[in-house]
Amino acid sequence: TTKQLIMSEKLAAIGEITAGVAHEINNPIAVMQGNLEVIRSVVGDRAEQARVEFQLLDEQIQRISQIVTKLLQFAKPEEFAGFIDRHAPGLAVADCLPLVQHLLARAAIEVQLENTAERLVLMNRTELQQVIVNLVVNAIHAMPDGGRLAIETRDSDRGERRGVEIVVSDSGVGMDPDVAAKVFDPFFTTKRQEGTGLGLSISQTLVTRQGGAISVTSHPGKGATFVVWLPEAE
Ligand code: ADP
């Protein structure tokens, strides 16, 4: 429809602008990072007196740089496409857990894993990890007072197509239907300054590029379930 066409043209324009701005921001970030290192080594032992301040600067610069990377990835996903390989989804999940272990422990979240998938999927390894980590980190954010995170992988057919599902469910705050309808929109976030609103939009791009799909079901106060479906590797 015309509306969809206008929407996709708008998104393409946003993408172009975003990519340009993100590239522009990268240079000053690199300069700041470099100078911070120089200052640290010039002040030598006295840097200890401003340890907290140095750390804060470090963290904030890193945060900007992560946002810029996300923006670029959203705007120019093809620049990020890397080596594609066959993966066992259960192993991919297991690989991701150490990356978020500290967050799970801090929030007192109990993890349940179930892996019955026997098929393999085709995807770039880093991108597959990124999708899983995105879903898990969102689940953790949804359970500030602890709860249960369940990750299941299983073989699953969609019509004629053989594939695999990776299901991530949490017992967190859940979502209203109007929020759930928007979670895959670029820049949609309910996390104010902590969120970029790009995690799920990028995840969707990465999954659909491999011929897969991602969906969510949720009820307020009853948690959320995200399902990633990927076709089986031939
Ligand atoms: P961000 O995490 O930066 O906000 P995302 O695209 O990853 O960006 O998520 C968009 C929004 O979707 C979140 O701000 C939140 O409102 C909602 N959301 C995502 N995952 C969950 C979840 N597991 N439970 C409740 N809300 C969620």
# chains A, B, ... in the order shown; residues from 1 in each chain; ligands from 1
>>> residues_near_ligand(ligand="ligand 1", cutoff="8 Å", atoms="only C-alpha atoms and all ligand atoms", output="VMD selection string")
chain A and resid 134 to 142 169 to 170 172 to 175 179 to 180 182 to 192 194 to 202 218 223 to 226
>>> atom_distance(atom1="CA of Arg158 in chain A", atom2="CA of Pro231 in chain A")
8.9 Å
>>> residues_around(residues="range 94-109 of chain A", least_positions_apart="3", cutoff="7 Å", atoms="only C-alpha atoms", output="list in words")
Gly90, Leu91, Gln129, Val133, Ile140, Pro144, Asp145, Gly146, Gly147, Arg148 and Leu149 of chain A
>>> select_by_dssp(residues="range 99-226 of chain A", states="helix (DSSP H, G or I)", output="MDAnalysis selection string")
chainID A and resid 99:106 125:141 177:180 192:194 199:209
>>> atom_distance(atom1="CA of Thr208 in chain A", atom2="CA of Met123 in chain A")
10.8 Å
>>> select_by_dssp(residues="range 1-230 of chain A", states="strand (DSSP E or B)", output="VMD selection string")
chain A and resid 84 to 87 109 to 115 121 to 124 147 to 158 161 to 170 213 to 218 224 to 230
>>> write_last_selection(atoms="C-alpha atoms", output="compact mmCIF listing (two decimals), in the first residue's frame")
# COMPACT_ATOMS: atom_id res chain seq x y z
CA ILE A 84 27.82 -17.61 7.88
CA ASP A 85 28.10 -21.03 9.43
CA ARG A 86 26.00 -23.96 10.66
CA HIS A 87 25.12 -23.92 14.35
CA ILE A 109 17.00 -15.03 38.26
CA GLU A 110 16.52 -18.75 38.04
CA VAL A 111 17.36 -20.17 34.61
CA GLN A 112 15.70 -23.21 33.04
CA LEU A 113 17.22 -24.66 29.90
CA GLU A 114 15.72 -27.23 27.61
CA ASN A 115 17.35 -28.26 24.39
CA VAL A 121 20.67 -23.43 11.50
CA LEU A 122 22.62 -21.20 9.14
CA MET A 123 23.71 -17.90 10.58
CA ASN A 124 26.65 -15.70 11.37
CA GLY A 147 12.07 -14.38 38.50
CA ARG A 148 12.34 -17.23 36.07
CA LEU A 149 13.99 -17.26 32.67
CA ALA A 150 13.32 -20.25 30.44
CA ILE A 151 15.19 -20.85 27.21
CA GLU A 152 14.11 -23.70 25.02
CA THR A 153 15.30 -24.86 21.63
CA ARG A 154 13.30 -27.35 19.61
CA ASP A 155 12.83 -28.58 16.05
CA SER A 156 9.77 -27.01 14.49
CA ASP A 157 8.18 -27.01 11.07
CA ARG A 158 6.33 -24.06 9.58
CA ARG A 161 9.61 -25.60 5.91
CA ARG A 162 11.76 -27.45 8.40
CA GLY A 163 13.35 -25.34 11.07
CA VAL A 164 14.19 -24.66 14.67
CA GLU A 165 12.66 -22.51 17.37
CA ILE A 166 14.55 -20.69 20.09
CA VAL A 167 12.04 -19.70 22.76
CA VAL A 168 12.94 -17.19 25.46
CA SER A 169 10.32 -16.64 28.17
CA ASP A 170 10.44 -14.62 31.34
CA ALA A 213 10.99 -14.90 11.84
CA ILE A 214 10.69 -13.51 15.34
CA SER A 215 7.50 -12.94 17.33
CA VAL A 216 6.30 -12.13 20.81
CA THR A 217 3.36 -12.96 23.04
CA SER A 218 2.91 -11.19 26.34
CA ALA A 224 6.79 -12.32 27.84
CA THR A 225 7.69 -15.07 25.40
CA PHE A 226 9.82 -14.40 22.34
CA VAL A 227 10.04 -17.05 19.64
CA VAL A 228 12.81 -17.03 17.05
CA TRP A 229 12.24 -19.41 14.16
CA LEU A 230 15.11 -20.21 11.80
>>> residues_around(residues="range 62-79 of chain A", least_positions_apart="5", cutoff="6 Å", atoms="only C-alpha atoms", output="PyMOL selection string")
chain A and resi 15+19+22+202
>>> write_last_selection(atoms="C-alpha atoms", output="short mmCIF file (atom, residue, chain, number, x, y, z; two decimals), in the first residue's frame")
data_model
loop_
_atom_site.label_atom_id
_atom_site.label_comp_id
_atom_site.auth_asym_id
_atom_site.auth_seq_id
_atom_site.Cartn_x
_atom_site.Cartn_y
_atom_site.Cartn_z
CA GLY A 15 18.88 4.84 7.81
CA ALA A 19 24.64 5.95 9.15
CA ALA A 22 27.08 7.52 13.40
CA ILE A 202 18.19 -5.32 14.73
#
>>> atom_distance(atom1="CA of Arg40 in chain A", atom2="CA of Leu57 in chain A")
11.4 Å
>>> closest_residue(among="A:Val42, A:Ile17, A:Asn26, A:Gly221", to="Met143 in chain A", atoms="only C-alpha atoms")
A:Gly221
